[in-house]
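Engineer: This is the structure I want to talk about, given as C-alpha cells.
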Amino acid sequence: MDIVKYWKTIVDTLQDGLMVVDPIGNIVAVNPAAEKLTGYSADELVGSNCRELNCTGCKIIGTGSAEKWCGLFLSGQVRAKQCMITSKNGRAIHVVKNASILKDENGKIMGAVETFSDVSVIIQQQQEIASLRRSFHLDDGYHGILGKSPVMQRMFELIDSVSQSDAPVLIQGASGTGKELIARSIHDTSLRKSRPFIKVNCAALNENLLESELFGHVKGAYTGADRARIGRFEAAHGGTIFLDEIGDIPLSTQVKLLRVLEEKEIERVGDHKTIPVNVRIVSATHKNLEFLIKQGLFREDLFFRINVFPLECPSLVDRSEDIPVIVQHFIEQNNFKSGKKILGLTSEAMEKLMTHAWPGNVRELRNVIEYAFVLCSGEWIGMEHLPRKILEETPSDCGSPVEAKMEREKLLRVLRQVSGNQSEAARILDVSRVTIWKRIKKYGIDLTSLST
C-alpha cells in the first residue's frame, strides 16, 4: 500500500492548523484544524491572501513573489516561532508557527506550508499564574520591580496588557523611580523577549555621536570614522529599543527619529541607502514633554508617535508602604556582596526611613542602605548607621509620607501657576525664597519640566 496516496486524510487528522500558500501568499489549501482555529471556512480562506490572518510573526516585503514577497521565502523555514494571528471574529490567538518553503524538482519555489499550534490556553494559564504569584507575594518582585502597593499592582497589570502589542510606550517619572526596569519588563513579557533589548541614553551623547549611535555610520562619514558601524536600531532589529531621557534629543535628531517611526527604516550617517528595521519603541523621560513642545524644544508630531501608551512611574513617596520590602531586598543584596549577615532595621531606623520624602526615590534608598552597611557591624541597622542628612531632618522637614506628598503637590501646583518663579511662589505660600529652594531640592522637582 502506498501511504503517500492518503496524504490528505493524514493532513485532515492533524490537530494543528495547516495552510499552504503560493509564492505571493495566496492560500491554496487548509485543513479542518485551520478552519477551527481561525473561524474561517476553507471556502473563505482558499483564494484569499495570508495577510488576512494578520500574523505578527510574518515579515511581509510585498514587492514581488517568493523572496520579494515574504521573509519566509528568504530564510527557507521558520521553527517554533511564537506569534499571534487574528481570527474571523477579531480575537487575537497566540500560536506557535512552523513553516517551510516548497520547491519543485528543478528547485523552483512553488509556495510554502505553515502549521499553527494554538497555545492561547497555555499563555492564559501563564498570565493567571503570574497574577496569582504577585497577589500572594510568591516572587521577589515583578521582573526586578519591587512593590505590593495598589499603585504598583496597577502598574504591573498595565505592563502585562501593553506587552502583548507593539504600541510605542512613553514612561514618565522622576529620576530614580525605575523607568529602565519598567522598560525592560515590557520587553521581557512581550513576544519579542527572545530578541535584543537595546538601551540608548539620549542625554549622555552630543548630537553627532547620538545620530551615529542610533543609526550607525559608514566609513569616512566624519573625522575618525575609519570603519562602518551599525547603529542601535539595527542592533535592536526584531526586539526593543529603549530611548532613555528622550526629552534631551536635539531637534535635528528628532526629525530623523520621526522618519524611522513612520517609515520603519534608517539611513546610516554618511549614506543614502535605506535599511528596514523592525523594532518596538519604548521611551522614558523625567521632563514634561508637553512643556518642551510649547517652548519649541520638542516636536509635537514625535510626541504623539511615542506617547501611544503612556505609563506614569510613581515616586517612592507615593508608595511608602513598599519601603520595607525594598529595604529588605537591598539588605539581602548587600549581605551577598559583603558577606555580612544583617537581619534588618531597628523599628526606630525603619520609622525614620518611612517618614523621609525620598527626593531621589528608590535610587536614594539603595544608597542609604549601602551607606548603613559600611557602618553596621552587627545584625541590625540602627539610627546611628543612617546618613547624617536623614538623621538631621526635623519632623517639619519630612513629616509623614502623606504630609510630604501633600506638601509636594501644593508646591508643584503653585510653581506651575507662576511658571517656576520661586520668589512669586514664596509670596503665595508665605515662606522665604530659601524655603522654596530647599523644598524644590528636597522633592527633586525639575523646574524645566513645569508647564505654564
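Residue numbering restarts at 1 for every chain of the C-alpha cells, chains are lettered A, B, ... in their displayed order, and ligands are numbered from 1 as they appear.
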When you look at stretch 365-377 of chain A with a cut-off of 9 Å (counting only C-alpha atoms), what residues show up, excluding the ones that are within fewer than 2 positions of it in the same chain? I need them as a PyMOL selection string.
Structural biologist: chain A and resi 323+326-327+330-331+334-335+338+340+342+353+358+360-363+379-382+384-387
Engineer: Report as a list of chain:residue names all protein, DNA and RNA residues lying within 9 Å of A:Trp437, evaluated on only C-alpha atoms, omitting residues in the same chain fewer than 5 positions from it.
Structural biologist: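 Here the answer would be A:Gln422, A:Ser432, A:Lys442.
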Engineer: For all heavy atoms, I'd like the residues from the last selection saved as a tab-separated table (two decimals), in the first residue's frame.
Structural biologist:
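Now in result-v6.tsv:
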```tsv
chain	number	residue	atom	x	y	z
A	422	GLN	N	10.35	81.33	41.69
A	422	GLN	CA	10.47	80.96	43.10
A	422	GLN	C	10.09	82.10	44.04
A	422	GLN	O	9.51	81.87	45.11
A	422	GLN	CB	11.90	80.48	43.38
A	422	GLN	CG	12.26	79.21	42.62
A	422	GLN	CD	13.68	78.75	42.90
A	422	GLN	OE1	14.09	78.62	44.05
A	422	GLN	NE2	14.44	78.52	41.84
A	432	SER	N	9.87	82.00	52.96
A	432	SER	CA	11.01	82.66	52.33
A	432	SER	C	11.38	81.97	51.02
A	432	SER	O	11.01	80.80	50.78
A	432	SER	CB	12.22	82.62	53.27
A	432	SER	OG	12.72	81.30	53.39
A	442	LYS	N	14.48	69.22	48.04
A	442	LYS	CA	14.02	68.10	48.86
A	442	LYS	C	13.16	67.13	48.05
A	442	LYS	O	13.30	65.91	48.16
A	442	LYS	CB	13.22	68.65	50.05
A	442	LYS	CG	12.48	67.61	50.88
A	442	LYS	CD	11.66	68.30	51.96
A	442	LYS	CE	10.78	67.35	52.72
A	442	LYS	NZ	9.96	68.02	53.74
```
Engineer: Contacts of stretch 444-447 of chain A at 10 Å or less, counting only C-alpha atoms, minus same-chain residues fewer than 5 places along, as a ChimeraX atom specification?
Structural biologist: /A:174-175,286-288,357-361,408,411-412,415-416,419-422,437-439
Engineer: Using only C-alpha atoms, which of A:Lys389, A:Arg299, A:Lys341, A:Lys88 sits nearest A:Ser252?
Structural biologist: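 The closest residue to A:Ser252 is A:Arg299.
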Engineer: Using only C-alpha atoms, which residue out of A:Gly270, A:Asn26, A:Ser423, A:Lys108 lies closest to A:Thr435?
Structural biologist: A:Ser423
Engineer: Which one of A:Asp166, A:Glu263, A:Asp322, A:Asp160 sits closest to A:Arg192 if you count only C-alpha atoms?
Structural biologist: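 Nearest candidate to A:Arg192 out of A:Asp166, A:Glu263, A:Asp322, A:Asp160: A:Asp166.
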Engineer: Restricting the calculation to only C-alpha atoms, which member of A:Tyr222, A:Phe215, A:Phe242, A:Phe298 is positioned closest to A:Val260?
Structural biologist: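 The shortest atom-to-atom distance to A:Val260 comes from A:Phe215.
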Engineer: May I ask which of the residues A:Ile159, A:Cys83, A:Leu258, A:Leu302 is the closest one to A:Glu290, counting only C-alpha atoms?
Structural biologist: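 The shortest atom-to-atom distance to A:Glu290 comes from A:Leu302.
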Engineer: DSSP on the backbone: which residues in stretch 142-329 of chain A end up as helix (DSSP H, G or I)? Give the answer as number ranges by chain.
Structural biologist: A: 150-162, 179-188, 207-215, 232-235, 246-248, 251-263, 289-294, 300-306, 316-329
Engineer: Go ahead and write the residues just picked, C-alpha atoms, as a PDB file, in the first residue's frame.
Structural biologist:
```pdb
ATOM      1  CA  PRO A 150      -2.053  49.165  44.872  1.00  0.00           C
ATOM      2  CA  VAL A 151      -0.373  51.714  42.596  1.00  0.00           C
ATOM      3  CA  MET A 152       2.370  49.203  41.710  1.00  0.00           C
ATOM      4  CA  GLN A 153      -0.062  46.321  41.244  1.00  0.00           C
ATOM      5  CA  ARG A 154      -1.924  48.529  38.768  1.00  0.00           C
ATOM      6  CA  MET A 155       1.397  49.280  37.048  1.00  0.00           C
ATOM      7  CA  PHE A 156       2.107  45.543  36.677  1.00  0.00           C
ATOM      8  CA  GLU A 157      -1.334  44.994  35.134  1.00  0.00           C
ATOM      9  CA  LEU A 158      -0.714  47.778  32.609  1.00  0.00           C
ATOM     10  CA  ILE A 159       2.673  46.274  31.701  1.00  0.00           C
ATOM     11  CA  ASP A 160       1.040  42.876  31.137  1.00  0.00           C
ATOM     12  CA  SER A 161      -1.510  44.482  28.824  1.00  0.00           C
ATOM     13  CA  VAL A 162       0.808  46.671  26.735  1.00  0.00           C
ATOM     14  CA  LYS A 179      11.946  53.678  34.465  1.00  0.00           C
ATOM     15  CA  GLU A 180      14.557  51.388  32.914  1.00  0.00           C
ATOM     16  CA  LEU A 181      13.275  48.407  34.929  1.00  0.00           C
ATOM     17  CA  ILE A 182       9.772  49.064  33.623  1.00  0.00           C
ATOM     18  CA  ALA A 183      11.064  49.286  30.035  1.00  0.00           C
ATOM     19  CA  ARG A 184      12.907  46.004  30.492  1.00  0.00           C
ATOM     20  CA  SER A 185       9.839  44.299  31.967  1.00  0.00           C
ATOM     21  CA  ILE A 186       7.741  45.387  28.961  1.00  0.00           C
ATOM     22  CA  HIS A 187      10.283  43.691  26.704  1.00  0.00           C
ATOM     23  CA  ASP A 188      10.626  40.567  28.878  1.00  0.00           C
ATOM     24  CA  GLU A 207      24.173  65.487  18.612  1.00  0.00           C
ATOM     25  CA  ASN A 208      26.717  63.922  16.224  1.00  0.00           C
ATOM     26  CA  LEU A 209      27.531  60.969  18.466  1.00  0.00           C
ATOM     27  CA  LEU A 210      23.837  60.356  19.188  1.00  0.00           C
ATOM     28  CA  GLU A 211      22.963  60.066  15.477  1.00  0.00           C
ATOM     29  CA  SER A 212      25.840  57.657  14.952  1.00  0.00           C
ATOM     30  CA  GLU A 213      24.750  55.600  17.968  1.00  0.00           C
ATOM     31  CA  LEU A 214      21.143  55.461  16.812  1.00  0.00           C
ATOM     32  CA  PHE A 215      21.567  54.955  13.069  1.00  0.00           C
ATOM     33  CA  ARG A 232      21.393  50.741  17.905  1.00  0.00           C
ATOM     34  CA  PHE A 233      18.265  50.489  15.731  1.00  0.00           C
ATOM     35  CA  GLU A 234      19.890  47.825  13.560  1.00  0.00           C
ATOM     36  CA  ALA A 235      21.203  46.052  16.651  1.00  0.00           C
ATOM     37  CA  ILE A 246      14.235  61.150  25.108  1.00  0.00           C
ATOM     38  CA  GLY A 247      13.462  64.746  26.132  1.00  0.00           C
ATOM     39  CA  ASP A 248      17.161  65.544  25.645  1.00  0.00           C
ATOM     40  CA  LEU A 251      15.513  68.836  17.266  1.00  0.00           C
ATOM     41  CA  SER A 252      17.567  67.802  14.229  1.00  0.00           C
ATOM     42  CA  THR A 253      17.762  64.229  15.522  1.00  0.00           C
ATOM     43  CA  GLN A 254      14.054  64.285  16.393  1.00  0.00           C
ATOM     44  CA  VAL A 255      13.264  64.779  12.689  1.00  0.00           C
ATOM     45  CA  LYS A 256      15.257  61.684  11.745  1.00  0.00           C
ATOM     46  CA  LEU A 257      13.783  59.668  14.593  1.00  0.00           C
ATOM     47  CA  LEU A 258      10.275  60.586  13.459  1.00  0.00           C
ATOM     48  CA  ARG A 259      11.094  59.277   9.991  1.00  0.00           C
ATOM     49  CA  VAL A 260      12.243  55.960  11.464  1.00  0.00           C
ATOM     50  CA  LEU A 261       8.972  55.613  13.375  1.00  0.00           C
ATOM     51  CA  GLU A 262       6.872  56.442  10.321  1.00  0.00           C
ATOM     52  CA  GLU A 263       8.763  54.569   7.605  1.00  0.00           C
ATOM     53  CA  LEU A 289       7.452  66.968  27.081  1.00  0.00           C
ATOM     54  CA  GLU A 290       4.289  68.995  26.559  1.00  0.00           C
ATOM     55  CA  PHE A 291       6.019  71.960  28.180  1.00  0.00           C
ATOM     56  CA  LEU A 292       9.057  71.419  25.933  1.00  0.00           C
ATOM     57  CA  ILE A 293       6.692  71.427  22.935  1.00  0.00           C
ATOM     58  CA  LYS A 294       5.389  74.859  23.976  1.00  0.00           C
ATOM     59  CA  GLU A 300       4.638  67.660  18.722  1.00  0.00           C
ATOM     60  CA  ASP A 301       4.331  65.063  15.951  1.00  0.00           C
ATOM     61  CA  LEU A 302       7.127  62.982  17.517  1.00  0.00           C
ATOM     62  CA  PHE A 303       5.436  63.258  20.924  1.00  0.00           C
ATOM     63  CA  PHE A 304       2.201  61.809  19.541  1.00  0.00           C
ATOM     64  CA  ARG A 305       4.116  58.942  17.903  1.00  0.00           C
ATOM     65  CA  ILE A 306       5.968  57.885  21.064  1.00  0.00           C
ATOM     66  CA  LEU A 316       8.583  56.397  46.305  1.00  0.00           C
ATOM     67  CA  VAL A 317       6.671  58.904  48.454  1.00  0.00           C
ATOM     68  CA  ASP A 318       3.507  57.817  46.590  1.00  0.00           C
ATOM     69  CA  ARG A 319       4.048  54.182  47.616  1.00  0.00           C
ATOM     70  CA  SER A 320       5.703  54.420  51.005  1.00  0.00           C
ATOM     71  CA  GLU A 321       4.158  51.076  52.058  1.00  0.00           C
ATOM     72  CA  ASP A 322       6.659  49.440  49.666  1.00  0.00           C
ATOM     73  CA  ILE A 323       9.677  50.794  51.560  1.00  0.00           C
ATOM     74  CA  PRO A 324      10.057  47.801  53.984  1.00  0.00           C
ATOM     75  CA  VAL A 325      10.120  45.184  51.207  1.00  0.00           C
ATOM     76  CA  ILE A 326      12.524  47.280  49.112  1.00  0.00           C
ATOM     77  CA  VAL A 327      14.795  47.779  52.132  1.00  0.00           C
ATOM     78  CA  GLN A 328      14.843  44.038  52.833  1.00  0.00           C
ATOM     79  CA  HIS A 329      15.714  43.345  49.201  1.00  0.00           C
TER      80      HIS A 329
END
```
Engineer: Can you tell me which residues surround stretch 89-98 of chain A at a distance of at most 8 Å, considering only C-alpha atoms, apart from same-chain residues fewer than 3 positions away, and format the answer as an mmCIF file with C-alpha atoms, in the first residue's frame?
Structural biologist:
```cif
data_model
loop_
_atom_site.group_PDB
_atom_site.id
_atom_site.type_symbol
_atom_site.label_atom_id
_atom_site.label_comp_id
_atom_site.auth_asym_id
_atom_site.auth_seq_id
_atom_site.Cartn_x
_atom_site.Cartn_y
_atom_site.Cartn_z
ATOM 1 C CA GLY A 39 -13.059 30.720 12.470
ATOM 2 C CA GLN A 77 11.916 27.969 7.128
ATOM 3 C CA VAL A 78 10.507 29.101 10.473
ATOM 4 C CA ARG A 79 10.819 26.947 13.557
ATOM 5 C CA ALA A 80 8.725 27.205 16.752
ATOM 6 C CA LYS A 81 8.051 30.932 16.428
ATOM 7 C CA GLN A 82 5.596 32.325 18.968
ATOM 8 C CA CYS A 83 3.265 34.884 17.423
ATOM 9 C CA MET A 84 -0.380 35.941 17.202
ATOM 10 C CA ILE A 85 -2.962 35.657 14.437
ATOM 11 C CA THR A 86 -6.372 37.301 14.213
ATOM 12 C CA GLU A 114 2.735 26.556 7.557
ATOM 13 C CA THR A 115 1.415 24.908 10.700
ATOM 14 C CA PHE A 116 -0.121 26.692 13.691
ATOM 15 C CA SER A 117 -0.334 25.255 17.202
ATOM 16 C CA ASP A 118 -2.865 27.048 19.411
ATOM 17 C CA VAL A 119 -1.175 27.981 22.698
ATOM 18 C CA SER A 120 -3.739 30.558 23.852
ATOM 19 C CA ILE A 123 -0.474 31.719 27.622
#
```
